[in-house]
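Shown next: final.txt, given as compact mmCIF, C-alpha atoms.
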```
# COMPACT_ATOMS: atom_id res chain seq x y z
CA MET A 2 2.77 -13.08 -26.86
CA THR A 3 0.27 -15.44 -25.27
CA ASN A 4 -0.88 -14.96 -21.70
CA GLU A 5 0.94 -18.13 -20.65
CA ALA A 6 4.17 -16.94 -22.25
CA ALA A 7 3.77 -13.51 -20.65
CA THR A 8 3.27 -15.10 -17.24
CA THR A 9 6.37 -17.22 -17.61
CA LYS A 10 8.48 -14.28 -18.76
CA VAL A 11 7.33 -11.99 -15.93
CA LEU A 12 7.97 -14.59 -13.24
CA SER A 13 11.23 -15.82 -14.75
CA ASP A 14 12.64 -12.30 -14.99
CA ALA A 15 11.45 -11.45 -11.47
CA LEU A 16 12.99 -14.61 -10.01
CA ARG A 17 16.27 -14.03 -11.86
CA TRP A 18 16.60 -10.50 -10.44
CA GLN A 19 15.75 -11.73 -6.97
CA GLU A 20 18.33 -14.52 -7.07
CA LYS A 21 20.95 -12.12 -8.41
CA GLY A 22 20.50 -9.94 -5.35
CA THR A 23 22.27 -6.69 -4.57
CA PRO A 24 26.09 -6.67 -4.76
CA GLU A 25 27.87 -6.04 -1.47
CA LEU A 26 29.26 -2.53 -1.20
CA THR A 27 33.01 -2.01 -1.16
CA PRO A 28 34.56 -0.11 1.76
CA LEU A 29 35.25 2.76 -0.65
CA GLN A 30 31.57 2.95 -1.68
CA VAL A 31 30.51 2.99 1.96
CA ALA A 32 33.02 5.69 2.90
CA SER A 33 32.18 7.93 -0.06
CA THR A 34 28.44 7.67 0.59
CA VAL A 35 28.84 8.49 4.28
CA ALA A 36 31.18 11.39 3.51
CA ARG A 37 28.79 12.83 0.97
CA LEU A 38 25.77 12.74 3.27
CA GLU A 39 27.45 13.82 6.49
CA GLY A 40 29.47 16.47 4.68
CA GLY A 41 26.40 17.89 2.97
CA ALA A 42 24.45 18.07 6.22
CA GLU A 43 27.35 19.73 8.04
CA GLN A 44 27.93 22.25 5.27
CA GLU A 45 24.27 23.33 5.32
CA GLY A 46 24.08 23.29 9.11
CA ILE A 47 21.10 20.94 9.25
CA SER A 48 20.49 17.42 10.50
CA LEU A 49 21.30 14.36 8.43
CA GLU A 50 17.62 13.58 7.89
CA GLU A 51 16.80 17.13 6.88
CA TYR A 52 19.63 17.07 4.36
CA VAL A 53 18.60 13.76 2.79
CA LEU A 54 14.99 14.90 2.61
CA LYS A 55 16.16 18.02 0.76
CA LEU A 56 17.86 15.72 -1.74
CA VAL A 57 14.65 13.70 -2.06
CA ASP A 58 12.66 16.84 -2.83
CA LYS A 59 14.78 17.34 -5.95
CA MET A 60 14.66 13.73 -7.19
CA ASP A 61 12.73 13.14 -10.41
CA VAL A 62 9.76 10.81 -10.01
CA SER A 63 7.62 12.48 -12.67
CA SER A 64 5.45 10.41 -14.96
CA PRO A 65 6.73 10.27 -18.55
CA ARG A 66 3.20 10.53 -19.97
CA PRO A 67 -0.14 11.70 -18.53
CA ASP A 68 -1.61 8.22 -18.95
CA THR A 69 1.37 6.18 -17.76
CA ALA A 70 0.32 3.45 -15.32
CA SER A 71 2.16 3.48 -11.98
CA CYS A 72 3.04 0.33 -10.04
CA PHE A 73 2.98 0.01 -6.26
CA TRP A 74 4.15 -3.12 -4.48
CA SER A 75 4.25 -4.81 -1.12
CA TRP A 76 5.74 -7.99 0.29
CA GLN A 77 5.88 -11.17 -1.81
CA VAL A 78 3.85 -13.98 -3.40
CA GLU A 79 4.26 -17.74 -3.60
CA VAL A 80 4.08 -19.16 -7.12
CA ASP A 81 4.89 -22.33 -9.00
CA HIS A 82 8.47 -22.20 -10.23
CA PRO A 83 8.14 -20.54 -13.66
CA THR A 84 10.64 -22.74 -15.53
CA ASP A 85 11.20 -25.89 -13.45
CA PRO A 86 7.99 -27.41 -12.01
CA GLU A 87 10.05 -30.01 -10.12
CA LYS A 88 11.31 -27.21 -7.85
CA GLY A 89 7.77 -26.69 -6.59
CA LYS A 90 6.79 -23.37 -5.06
CA VAL A 91 8.98 -20.29 -4.86
CA GLN A 92 8.46 -16.95 -3.12
CA ILE A 93 9.08 -13.84 -5.21
CA TYR A 94 9.09 -10.27 -3.96
CA ASN A 95 6.46 -8.13 -5.64
CA GLN A 96 9.07 -5.45 -6.29
CA HIS A 97 10.61 -7.74 -8.90
CA ILE A 98 7.25 -8.75 -10.36
CA ALA A 99 6.27 -5.09 -10.73
CA ARG A 100 9.60 -4.40 -12.46
CA ALA A 101 9.24 -7.38 -14.80
CA TYR A 102 5.69 -6.50 -15.72
CA THR A 103 6.67 -2.87 -16.32
CA ASP A 104 9.48 -3.93 -18.65
CA LEU A 105 7.12 -6.24 -20.54
CA GLU A 106 4.55 -3.50 -21.07
CA ASN A 107 7.14 -0.92 -22.08
CA GLU A 108 8.55 -3.25 -24.72
CA VAL A 109 5.20 -2.97 -26.50
CA VAL A 110 4.28 0.64 -25.71
CA GLU A 111 7.12 2.85 -24.53
CA ASP A 112 6.55 4.63 -21.21
CA SER A 113 3.18 2.94 -20.73
CA MET A 114 4.12 1.85 -17.18
CA ARG A 115 6.57 2.75 -14.42
CA TYR A 116 7.62 1.66 -10.92
CA LEU A 117 9.27 3.75 -8.22
CA GLU A 118 12.69 2.11 -8.17
CA GLY A 119 12.91 2.46 -11.96
CA THR A 120 12.36 6.22 -12.02
CA PRO A 121 15.37 8.54 -12.12
CA GLY A 122 14.61 9.57 -8.54
CA GLY A 123 14.24 5.98 -7.37
CA GLN A 124 17.55 5.06 -8.93
CA GLU A 125 19.21 8.10 -7.37
CA LEU A 126 17.91 7.26 -3.90
CA SER A 127 18.89 3.61 -4.33
CA GLY A 128 22.41 4.92 -4.97
CA LEU A 129 22.56 6.29 -1.44
CA TYR A 130 22.39 2.71 -0.08
CA LEU A 131 20.37 3.72 2.97
CA TRP A 132 19.37 0.10 3.67
CA ASP A 133 23.01 -1.03 3.83
CA ARG A 134 24.05 -1.76 7.42
CA ASP A 135 27.60 -0.53 6.87
CA VAL A 136 26.31 2.79 5.52
CA GLN A 137 23.91 3.05 8.45
CA ALA A 138 26.71 2.38 10.91
CA GLY A 139 28.90 4.96 9.18
CA LEU A 140 26.10 7.49 9.58
CA HIS A 141 26.05 6.70 13.34
CA LEU A 142 22.63 5.06 13.10
CA ASN A 143 22.23 2.20 15.56
CA VAL A 144 21.70 -0.91 13.45
CA ASN A 145 21.03 -3.03 16.54
CA THR A 146 17.97 -1.03 17.54
CA ASN A 147 16.57 -0.74 13.99
CA GLU A 148 17.32 2.99 13.97
CA GLY A 149 19.00 2.67 10.59
CA ASN A 150 16.09 0.92 8.92
CA GLU A 151 13.61 3.35 10.42
CA PHE A 152 15.66 6.22 9.01
CA ALA A 153 15.77 4.61 5.56
CA GLY A 154 12.06 3.91 5.74
CA ARG A 155 11.19 7.55 6.43
CA ILE A 156 13.34 8.72 3.52
CA TRP A 157 11.84 6.23 1.07
CA SER A 158 8.36 7.05 2.34
CA ALA A 159 8.94 10.70 1.43
CA LEU A 160 9.92 9.73 -2.12
CA SER A 161 6.98 7.31 -2.32
CA LYS A 162 4.61 10.13 -1.47
CA ARG A 163 5.97 12.28 -4.28
CA TYR A 164 5.75 9.30 -6.63
CA ALA A 165 2.07 8.85 -5.74
CA GLN A 166 1.44 12.55 -6.32
CA GLU A 167 2.69 12.13 -9.89
CA VAL A 168 0.23 9.36 -10.81
CA GLY A 169 -1.70 10.19 -13.96
CA GLY A 170 -2.94 6.84 -15.26
CA GLU A 171 -3.85 3.67 -13.43
CA ALA A 172 -2.34 2.89 -10.01
CA LEU A 173 -1.60 -0.83 -10.06
CA PHE A 174 -1.10 -2.41 -6.62
CA PHE A 175 0.98 -5.61 -6.65
CA MET A 176 -0.37 -6.97 -3.37
CA GLU A 177 -3.42 -8.81 -2.09
CA GLU A 178 -4.46 -6.03 0.27
CA LEU A 179 -3.12 -2.99 2.06
CA ASN A 180 -1.07 -3.70 5.15
CA PRO A 181 -1.03 -1.12 7.97
CA GLY A 182 2.68 -1.58 8.54
CA ALA A 183 3.45 -0.65 4.94
CA VAL A 184 4.17 2.52 3.03
CA ALA A 185 1.38 1.56 0.62
CA TYR A 186 -1.20 1.91 3.42
CA GLN A 187 0.26 4.78 5.41
CA THR A 188 1.56 6.98 2.56
CA GLU A 189 0.81 6.00 -1.03
CA ALA A 190 -2.87 5.01 -0.90
CA PRO A 191 -3.84 8.04 1.26
CA GLN A 192 -2.09 10.34 -1.21
CA LEU A 193 -3.98 8.82 -4.13
CA ARG A 194 -7.29 9.09 -2.29
CA ARG A 195 -6.71 12.72 -1.32
CA ASP A 196 -5.82 13.52 -4.92
CA GLY A 197 -9.15 12.16 -6.14
CA LYS A 198 -7.59 9.07 -7.74
CA LEU A 199 -9.38 6.36 -5.78
CA ASP A 200 -11.08 5.07 -8.92
CA GLN A 201 -7.68 4.68 -10.61
CA VAL A 202 -6.49 2.06 -8.08
CA HIS A 203 -6.54 -1.58 -9.21
CA PHE A 204 -5.25 -4.53 -7.20
CA MET A 205 -3.29 -7.06 -9.21
CA TYR A 206 -4.06 -10.07 -7.00
CA PRO A 207 -7.43 -11.34 -5.79
CA LEU A 208 -8.50 -11.19 -2.18
CA SER A 209 -8.01 -14.58 -0.57
CA PRO A 210 -11.04 -16.89 -0.40
CA GLN A 211 -10.45 -17.30 3.33
CA LYS A 212 -11.20 -13.63 3.87
CA LEU A 213 -14.39 -13.85 1.81
CA GLU A 214 -15.56 -17.08 3.43
CA GLY A 215 -18.91 -16.89 5.21
CA PHE A 216 -20.15 -13.72 3.52
CA PRO A 217 -23.13 -13.49 1.13
CA PRO A 218 -22.29 -12.83 -2.53
CA GLU A 219 -23.05 -9.11 -2.40
CA ILE A 220 -20.68 -8.58 0.54
CA GLN A 221 -17.99 -10.70 -1.12
CA GLU A 222 -18.32 -8.45 -4.14
CA LEU A 223 -18.10 -5.34 -1.98
CA LEU A 224 -15.01 -6.55 -0.10
CA SER A 225 -13.37 -7.57 -3.39
CA SER A 226 -13.91 -4.17 -4.99
CA ASP A 227 -10.86 -2.00 -5.60
CA THR A 228 -12.58 0.93 -3.92
CA VAL A 229 -12.92 -0.83 -0.57
CA ARG A 230 -9.53 -2.54 -0.73
CA ALA A 231 -7.85 0.82 -1.38
CA GLN A 232 -9.11 2.14 1.98
CA VAL A 233 -9.38 -0.62 4.58
CA HIS A 234 -7.11 -3.25 6.09
CA THR A 235 -7.98 -6.47 7.93
CA PHE A 236 -4.86 -6.90 10.08
CA PRO A 237 -5.46 -6.85 13.85
CA TYR A 238 -2.85 -4.91 15.75
CA ASP A 239 -1.77 -4.32 19.33
CA GLU A 240 -0.19 -0.97 20.13
CA LYS A 241 1.95 -2.57 22.85
CA THR A 242 3.29 -5.54 20.89
CA SER A 243 3.23 -4.57 17.19
CA ARG A 244 6.58 -4.62 15.44
CA TYR A 245 5.55 -1.43 13.68
CA THR A 246 4.08 1.70 15.24
CA PRO A 247 0.31 1.88 14.65
CA THR A 248 -0.98 5.30 13.63
CA PRO A 249 -4.46 6.78 14.02
CA LEU A 250 -5.02 5.78 10.39
CA THR A 251 -4.25 2.17 11.36
CA GLU A 252 -7.12 2.25 13.85
CA ALA A 253 -9.50 4.15 11.57
CA GLY A 254 -9.13 1.74 8.66
CA TYR A 255 -9.28 -1.59 10.50
CA LEU A 256 -12.07 -3.87 9.27
CA ASP A 257 -12.59 -6.79 11.65
CA LEU A 258 -13.82 -9.64 9.48
CA ASP A 259 -14.87 -11.85 12.42
CA HIS A 260 -17.07 -9.06 13.74
CA LEU A 261 -18.40 -8.42 10.24
CA ARG A 262 -19.43 -12.08 9.90
CA SER A 263 -21.29 -11.89 13.20
CA LEU A 264 -23.66 -9.21 11.93
CA GLY A 265 -27.09 -10.58 11.11
CA THR A 266 -27.91 -9.20 7.68
CA PRO A 267 -26.16 -8.12 4.47
CA GLU A 268 -27.48 -4.61 5.11
CA ALA A 269 -25.81 -4.48 8.52
CA GLN A 270 -22.60 -5.86 7.04
CA ARG A 271 -22.60 -3.29 4.26
CA ALA A 272 -23.21 -0.50 6.75
CA ALA A 273 -20.25 -1.72 8.82
CA VAL A 274 -17.95 -1.70 5.78
CA LEU A 275 -19.16 1.78 4.85
CA GLU A 276 -18.46 2.95 8.38
CA VAL A 277 -14.78 2.06 8.11
CA CYS A 278 -14.50 3.83 4.78
CA ALA A 279 -16.25 6.87 6.18
CA ARG A 280 -13.67 7.01 8.96
CA VAL A 281 -10.85 6.73 6.44
CA ALA A 282 -12.44 9.45 4.32
CA MET A 283 -12.49 11.75 7.34
CA MET A 284 -8.83 11.01 8.05
CA ASP A 285 -8.07 11.86 4.41
CA GLY A 286 -9.94 15.16 4.65
CA ARG A 287 -12.56 13.90 2.18
CA GLU A 288 -15.52 15.20 4.14
CA ALA A 289 -17.94 15.08 1.20
CA ASP A 290 -17.22 11.39 0.64
CA ALA A 291 -17.68 10.67 4.34
CA GLU A 292 -20.99 12.53 4.30
CA GLN A 293 -22.24 10.45 1.37
CA LEU A 294 -21.27 7.25 3.14
CA ILE A 295 -23.02 8.32 6.33
CA GLY A 296 -26.09 9.01 4.20
CA GLU A 297 -26.13 5.46 2.91
CA ILE A 298 -25.57 4.08 6.41
CA GLN A 299 -28.58 6.14 7.49
CA THR A 300 -30.64 4.34 4.87
CA LEU A 301 -29.30 0.89 5.73
CA ALA A 302 -29.42 1.25 9.52
CA PRO A 303 -31.37 4.37 10.64
CA GLU A 304 -30.73 3.74 14.34
CA HIS A 305 -27.01 3.15 14.02
CA GLU A 306 -24.63 5.74 15.44
CA VAL A 307 -21.60 6.11 13.23
CA ALA A 308 -18.38 6.34 15.24
CA MET A 309 -15.98 8.77 13.59
CA PRO A 310 -12.31 9.26 14.55
CA ASP A 311 -11.92 11.39 17.66
CA SER A 312 -10.52 14.91 17.66
CA THR A 313 -7.00 13.72 18.48
CA ALA A 314 -6.94 11.35 15.50
CA LEU A 315 -8.38 13.98 13.16
CA ALA A 316 -5.85 16.54 14.36
CA TRP A 317 -3.06 14.05 13.64
CA ALA A 318 -4.46 13.45 10.15
CA ALA A 319 -4.73 17.18 9.50
CA SER A 320 -1.13 17.69 10.57
CA GLU A 321 -0.03 14.97 8.14
CA ARG A 322 -1.82 16.74 5.31
CA MET A 323 -0.36 20.07 6.39
CA LYS A 324 3.14 18.75 5.64
CA ASP A 325 2.29 19.15 1.96
CA SER A 326 -0.01 22.17 2.18
CA PRO A 327 1.16 24.53 4.96
CA GLU A 328 -1.47 27.07 3.98
CA GLN A 329 -4.27 24.61 4.61
CA SER A 330 -6.35 25.32 7.69
CA VAL A 331 -6.25 22.69 10.39
CA SER A 332 -9.67 21.23 11.10
CA THR A 333 -10.17 18.43 13.57
CA HIS A 334 -13.56 17.49 12.17
CA GLY A 335 -15.66 18.02 9.08
CA GLU A 336 -18.16 20.82 8.67
CA PHE A 337 -21.00 18.39 9.20
CA LEU A 338 -19.37 16.75 12.21
CA PRO A 339 -19.59 18.98 15.30
CA GLY A 340 -18.32 16.22 17.59
CA VAL A 341 -16.66 12.85 17.78
CA GLU A 342 -19.72 10.63 17.70
CA VAL A 343 -21.92 11.08 14.65
CA ASN A 344 -25.46 9.81 14.54
CA GLY A 345 -26.19 8.37 11.12
CA SER A 346 -29.67 9.81 11.20
CA VAL A 347 -28.60 13.44 11.42
CA GLY A 348 -28.87 15.83 8.53
CA PRO A 349 -30.58 15.14 5.22
CA VAL A 350 -27.99 13.47 3.00
CA GLN A 351 -28.63 12.03 -0.43
CA PRO A 352 -27.19 8.51 -0.32
CA GLN A 353 -24.53 7.72 -2.94
CA PRO A 354 -24.18 3.94 -3.13
CA LEU A 355 -20.75 2.41 -2.96
CA LYS A 356 -20.70 0.13 -5.96
CA GLY A 357 -18.91 -3.18 -5.81
CA SER A 358 -16.66 -4.36 -8.59
CA ALA A 359 -18.31 -5.77 -11.69
CA LYS A 360 -16.68 -9.11 -10.97
CA ALA A 361 -14.57 -10.66 -8.26
CA LEU A 362 -10.90 -9.89 -8.57
CA THR A 363 -10.06 -13.57 -8.93
CA ALA A 364 -10.58 -12.85 -12.62
CA ASP A 365 -7.87 -10.22 -12.60
CA PHE A 366 -4.10 -10.62 -12.50
CA MET A 367 -4.28 -14.11 -11.02
CA PRO A 368 -7.59 -15.72 -12.02
CA GLY A 369 -8.75 -18.61 -9.92
CA VAL A 370 -6.08 -18.13 -7.29
CA ALA A 371 -6.58 -19.81 -3.95
CA THR A 372 -4.87 -17.38 -1.62
CA GLU A 373 -3.89 -18.09 1.96
CA GLN A 374 -5.18 -16.29 5.01
CA THR A 375 -2.51 -13.84 6.11
CA VAL A 376 -3.19 -12.84 9.70
CA LYS A 377 -6.24 -14.05 11.57
CA PRO A 378 -8.29 -11.10 12.90
CA GLU A 379 -8.55 -10.82 16.66
CA GLN A 380 -11.59 -9.92 18.73
CA ALA A 381 -13.68 -7.23 17.06
CA PRO A 382 -14.16 -3.69 18.29
CA ALA A 383 -17.61 -2.39 19.16
CA THR A 384 -18.25 -1.25 15.61
CA ALA A 385 -17.00 -2.63 12.34
CA PRO A 386 -15.11 -0.69 9.63
CA ALA A 387 -16.38 1.11 6.38
CA ALA A 388 -15.70 2.28 2.54
CA LYS A 389 -16.05 5.07 -0.18
CA ALA A 390 -18.71 5.99 -2.72
CA GLU A 391 -17.25 5.60 -6.12
CA THR A 392 -17.96 3.54 -9.20
CA GLN A 393 -15.16 1.25 -10.30
CA ALA A 394 -13.34 2.59 -13.30
CA ALA A 395 -12.96 0.38 -16.34
CA LYS A 396 -9.80 -1.67 -16.42
CA PRO A 397 -7.12 0.03 -18.50
CA ALA A 398 -6.43 -1.42 -21.92
CA MET A 399 -2.86 -2.68 -21.99
CA SER A 400 -0.83 -4.78 -24.37
CA VAL A 401 -0.94 -7.74 -21.97
CA PRO A 402 -3.66 -6.82 -19.45
CA VAL A 403 -2.67 -7.79 -15.95
CA TRP A 404 -6.04 -9.37 -15.27
CA GLN A 405 -5.40 -11.78 -18.16
CA VAL A 406 -1.85 -12.81 -17.31
CA GLY A 407 -3.14 -15.50 -14.97
CA LEU A 408 -0.29 -16.13 -12.55
CA ASN A 409 -1.01 -19.07 -10.26
CA ALA A 410 0.20 -17.24 -7.19
CA VAL A 411 -0.49 -17.37 -3.49
CA PRO A 412 0.25 -14.29 -1.35
CA THR A 413 2.47 -15.61 1.41
CA LYS A 414 1.68 -15.58 5.08
CA LEU A 415 3.42 -12.94 7.13
CA THR A 416 5.73 -14.75 9.49
CA THR A 417 6.06 -11.97 12.04
CA ALA A 418 3.92 -8.89 12.44
CA PRO A 419 2.12 -7.19 9.52
CA SER A 420 5.15 -4.99 8.98
CA GLY A 421 7.36 -7.92 8.02
CA PRO A 422 10.65 -9.26 9.35
CA SER A 423 12.70 -7.16 11.68
CA THR A 424 16.04 -7.70 9.99
CA ALA A 425 17.59 -5.66 7.22
CA PRO A 426 17.56 -7.02 3.65
CA SER A 427 20.35 -9.47 2.95
CA SER A 428 22.59 -9.27 -0.08
CA HIS A 429 20.35 -11.85 -1.74
CA ALA A 430 17.11 -10.01 -1.01
CA PRO A 431 15.67 -7.31 -3.26
CA ASN A 432 16.32 -3.67 -2.60
CA LEU A 433 13.33 -3.01 -0.34
CA GLY A 434 13.73 0.68 -0.86
CA LYS A 435 10.25 2.04 -0.49
CA GLU A 436 8.99 -0.40 2.11
CA THR A 437 8.55 0.05 5.82
CA ALA A 438 11.31 1.00 8.21
CA GLU A 439 11.85 -2.65 9.12
CA THR A 440 12.26 -4.31 5.74
CA GLY A 441 9.55 -2.72 3.86
CA LEU A 442 6.05 -3.62 2.90
CA GLY A 443 5.41 -1.15 0.18
```

What would the structure in this file look like if it were written as C-alpha cells?
Amino acid sequence: MTNEAATTKVLSDALRWQEKGTPELTPLQVASTVARLEGGAEQEGISLEEYVLKLVDKMDVSSPRPDTASCFWSWQVEVDHPTDPEKGKVQIYNQHIARAYTDLENEVVEDSMRYLEGTPGGQELSGLYLWDRDVQAGLHLNVNTNEGNEFAGRIWSALSKRYAQEVGGEALFFMEELNPGAVAYQTEAPQLRRDGKLDQVHFMYPLSPQKLEGFPPEIQELLSSDTVRAQVHTFPYDEKTSRYTPTPLTEAGYLDLDHLRSLGTPEAQRAAVLEVCARVAMMDGREADAEQLIGEIQTLAPEHEVAMPDSTALAWAASERMKDSPEQSVSTHGEFLPGVEVNGSVGPVQPQPLKGSAKALTADFMPGVATEQTVKPEQAPATAPAAKAETQAAKPAMSVPVWQVGLNAVPTKLTTAPSGPSTAPSSHAPNLGKETAETGLG
C-alpha cells in the first residue's frame, strides 16, 4: 500500500467511526449498569469509586508482545476531507486516528500495535458507560456540576496509568504536544518517564511552526525533539480561572515560549529549556537525570541559579508515586538537593548533553504540516522551563511508518481552556474514555 493510500484509509476509517458515533443507551442498559455498580459497592461495603477502581485493577491492558507499539492520543486534528475534497476541512478526534492506524498496522503484522480503548480492559471499562449522563445521574453524580465527568475521568486515568506501565515497544503520541489538562500529561507521560521509557516516546505530529518561530535552528531542533516534548508543555494557566485543576506538575513543566524568545543567546535558551526538564525530572523522582541536566546548565550558564520545585510540590509528587509503590520512602527533594533553590554551580557534575532530534518532526507522521498556534503563552515567570538528557531512539520499523504516512493535518485550536470543552461527549462524539474529567484530552 502506498503512503497516499494508507493516509486515505486511516483518515477515512477514522472519520467513518467518528460520524457513526456511540449509540444511545436504552433505559434497561442504564438501569443494569447502575445496579451492577451500586450493588457491588454496597455488597463490599466500600464507596462507589473504590469499587470501580477495584474493577479497574483487574482489567487486562497487557501488551500482546514485548515489542508491541502503544498508542496514546489527545484532542483532535483538522485535515482535508479524505474522500471528498469539495467538503474542505474536517476535524477528526485522534482517538479514531489512533484506532485506524492500529488496525492498519495489525493487518500487516498481527499485534504490532495497540490502543487503550481496543484492549480487553479498555473495552470492559467502556462497557460501564461512565461518560453517559444517564448513568452518571443514576449513580447520583451531579451532571450539572461536572461531578460525573470528573468521576469518569479519574477512573479512566487509573486504567491509563496501568496501560502506560505495560508499554514494551514504542509509545506513539497522536498529538502535537502534551497538554496539562490531559491524562497524557498528568498520568501517561510521567509513568513512561519514571519507567525509563522516555526514549521510546515518539510524537506523531510536528510541533507547529508558530511555536518554533523566532528561535535559532539549534533551539528549534531541541524544542522539536521527542525527549523535550515528552516532558514540557507550553500552555499558560491560571489557577483561579482554569477549567481544569492545575497540579504542581503543571507548574513544574510549563515552558513559556515568549520568555524563552526574550533570552539573548542560544546557550541561555538551551539552559532555560533544560531547567524545565530538570524540574520535571525531580517531580518524577528521576534525581540522576535532574543532576545531569543541572550539570549542563552549569556549563552553559555558570552564574545561573536553577529553581527546583519547592518542598510542597516535591512532597505532592512523592505521594503520587507512592500510590503505586507504598514501600517507597517519601523524599521531598533529591539527595543532591538540600533545599528548594539549587545553584547550578554546586557540586561537580559531568554534563550529559540533551540531544535534539536528528531532524525536525515535520518529517514524521505529517511532513510539511503548517500547524496552528494553540494557546498563546502569557507573561513569563522569572525563569524559563527545562528538559532531559537522553539520545533519541531510532524510529521503529513498521509496515507503514507513521512518519511516512504524510497526513496534511492541522492540530486544531482549543476553543476553551487547555482541558477542552466543559460538556460531556454527545452521541455523535467519540468515546472520550481516557481523556480528562471534562471531555478528555488524552

- Note on the structure: Pairwise distance, CA of Gly149 in chain A with CA of Val31 in chain A, equals 14.4 Å

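Distance check against Phe175 in chain A using all atoms listed in the file: of A:Ala101, A:Ala138, A:Cys278, A:Leu16, the minimum falls on A:Ala101.
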
Env of Gln270 in chain A: 12 Å cut, atoms = only C-alpha atoms, seq-sep filter 6 positions within chain, self excluded. Answer as an mmCIF file with C-alpha atoms, in the frame of the given file.
```cif
data_model
loop_
_atom_site.group_PDB
_atom_site.id
_atom_site.type_symbol
_atom_site.label_atom_id
_atom_site.label_comp_id
_atom_site.auth_asym_id
_atom_site.auth_seq_id
_atom_site.Cartn_x
_atom_site.Cartn_y
_atom_site.Cartn_z
ATOM 1 C CA GLY A 215 -18.910 -16.890 5.210
ATOM 2 C CA PHE A 216 -20.150 -13.720 3.520
ATOM 3 C CA PRO A 217 -23.130 -13.490 1.130
ATOM 4 C CA PRO A 218 -22.290 -12.830 -2.530
ATOM 5 C CA GLU A 219 -23.050 -9.110 -2.400
ATOM 6 C CA ILE A 220 -20.680 -8.580 0.540
ATOM 7 C CA GLN A 221 -17.990 -10.700 -1.120
ATOM 8 C CA LEU A 223 -18.100 -5.340 -1.980
ATOM 9 C CA LEU A 224 -15.010 -6.550 -0.100
ATOM 10 C CA LEU A 256 -12.070 -3.870 9.270
ATOM 11 C CA ASP A 257 -12.590 -6.790 11.650
ATOM 12 C CA LEU A 258 -13.820 -9.640 9.480
ATOM 13 C CA ASP A 259 -14.870 -11.850 12.420
ATOM 14 C CA HIS A 260 -17.070 -9.060 13.740
ATOM 15 C CA LEU A 261 -18.400 -8.420 10.240
ATOM 16 C CA ARG A 262 -19.430 -12.080 9.900
ATOM 17 C CA SER A 263 -21.290 -11.890 13.200
ATOM 18 C CA LEU A 264 -23.660 -9.210 11.930
ATOM 19 C CA GLU A 276 -18.460 2.950 8.380
ATOM 20 C CA VAL A 277 -14.780 2.060 8.110
ATOM 21 C CA ILE A 298 -25.570 4.080 6.410
ATOM 22 C CA LEU A 301 -29.300 0.890 5.730
ATOM 23 C CA ALA A 302 -29.420 1.250 9.520
ATOM 24 C CA THR A 384 -18.250 -1.250 15.610
ATOM 25 C CA ALA A 385 -17.000 -2.630 12.340
ATOM 26 C CA PRO A 386 -15.110 -0.690 9.630
ATOM 27 C CA ALA A 387 -16.380 1.110 6.380
ATOM 28 C CA ALA A 388 -15.700 2.280 2.540
#
```

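Here CA of Arg322 in chain A is placed at a distance of 16.0 Å from CA of Ala253 in chain A.
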
Could you build a table of the residues in range 201-278 of chain A lying no more than 12 Å from range 54-71 of chain A, giving for each the nearest pair of atoms and their separation in Å rounded to one decimal place, using all atoms listed in the file, ordered by chain and ascending residue number, as JSON lines?
```
{"residue": "A:Gln201", "atom": "CA", "partner": "A:Ala70", "partner_atom": "CA", "distance": 9.4}
{"residue": "A:Val202", "atom": "CA", "partner": "A:Ser71", "partner_atom": "CA", "distance": 9.6}
{"residue": "A:His203", "atom": "CA", "partner": "A:Ser71", "partner_atom": "CA", "distance": 10.4}
{"residue": "A:Phe204", "atom": "CA", "partner": "A:Ser71", "partner_atom": "CA", "distance": 11.9}
```

- Looking at A:Asp239, A:Asp200, A:Glu39, A:Asp112, which one is nearest to Tyr255 in chain A, with distances taken over all atoms listed in the file?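 Result for the nearest residue to Tyr255 in chain A: A:Asp239.
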
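CA of Ser75 in chain A is found 20.9 Å from CA of Leu213 in chain A.
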
- Which is closer to Glu252 in chain A than all the others in A:Ala316, A:Ala272, A:Met176, A:Met309, using only C-alpha atoms?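 Using only C-alpha atoms, the shortest distance to Glu252 in chain A belongs to A:Met309.
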
- Task: Identify, on the basis of only C-alpha atoms, every residue whose closest approach to Arg194 in chain A does not exceed 12 Å; exclude the query and any residue fewer than 2 positions from it along the same chain; express the result as a PyMOL selection string.
- Result: chain A and resi 162+165-166+168+172+185-192+196-202+228-232+278+281-287+290+388-391

Only C-alpha atoms, please: the residues just picked out, written as a compact mmCIF listing (two decimals), in the frame of the given file.
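Output saved as selection-v5.txt:
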```
# COMPACT_ATOMS: atom_id res chain seq x y z
CA LYS A 162 4.61 10.13 -1.47
CA ALA A 165 2.07 8.85 -5.74
CA GLN A 166 1.44 12.55 -6.32
CA VAL A 168 0.23 9.36 -10.81
CA ALA A 172 -2.34 2.89 -10.01
CA ALA A 185 1.38 1.56 0.62
CA TYR A 186 -1.20 1.91 3.42
CA GLN A 187 0.26 4.78 5.41
CA THR A 188 1.56 6.98 2.56
CA GLU A 189 0.81 6.00 -1.03
CA ALA A 190 -2.87 5.01 -0.90
CA PRO A 191 -3.84 8.04 1.26
CA GLN A 192 -2.09 10.34 -1.21
CA ASP A 196 -5.82 13.52 -4.92
CA GLY A 197 -9.15 12.16 -6.14
CA LYS A 198 -7.59 9.07 -7.74
CA LEU A 199 -9.38 6.36 -5.78
CA ASP A 200 -11.08 5.07 -8.92
CA GLN A 201 -7.68 4.68 -10.61
CA VAL A 202 -6.49 2.06 -8.08
CA THR A 228 -12.58 0.93 -3.92
CA VAL A 229 -12.92 -0.83 -0.57
CA ARG A 230 -9.53 -2.54 -0.73
CA ALA A 231 -7.85 0.82 -1.38
CA GLN A 232 -9.11 2.14 1.98
CA CYS A 278 -14.50 3.83 4.78
CA VAL A 281 -10.85 6.73 6.44
CA ALA A 282 -12.44 9.45 4.32
CA MET A 283 -12.49 11.75 7.34
CA MET A 284 -8.83 11.01 8.05
CA ASP A 285 -8.07 11.86 4.41
CA GLY A 286 -9.94 15.16 4.65
CA ARG A 287 -12.56 13.90 2.18
CA ASP A 290 -17.22 11.39 0.64
CA ALA A 388 -15.70 2.28 2.54
CA LYS A 389 -16.05 5.07 -0.18
CA ALA A 390 -18.71 5.99 -2.72
CA GLU A 391 -17.25 5.60 -6.12
```

- Task: Return the single residue from A:Glu306, A:Asp85, A:Trp132, A:Ile93 that is closest to Asn147 in chain A, with distances computed using only C-alpha atoms.
- Result: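 Looking at the shortest contact to Asn147 in chain A, the residue is A:Trp132.
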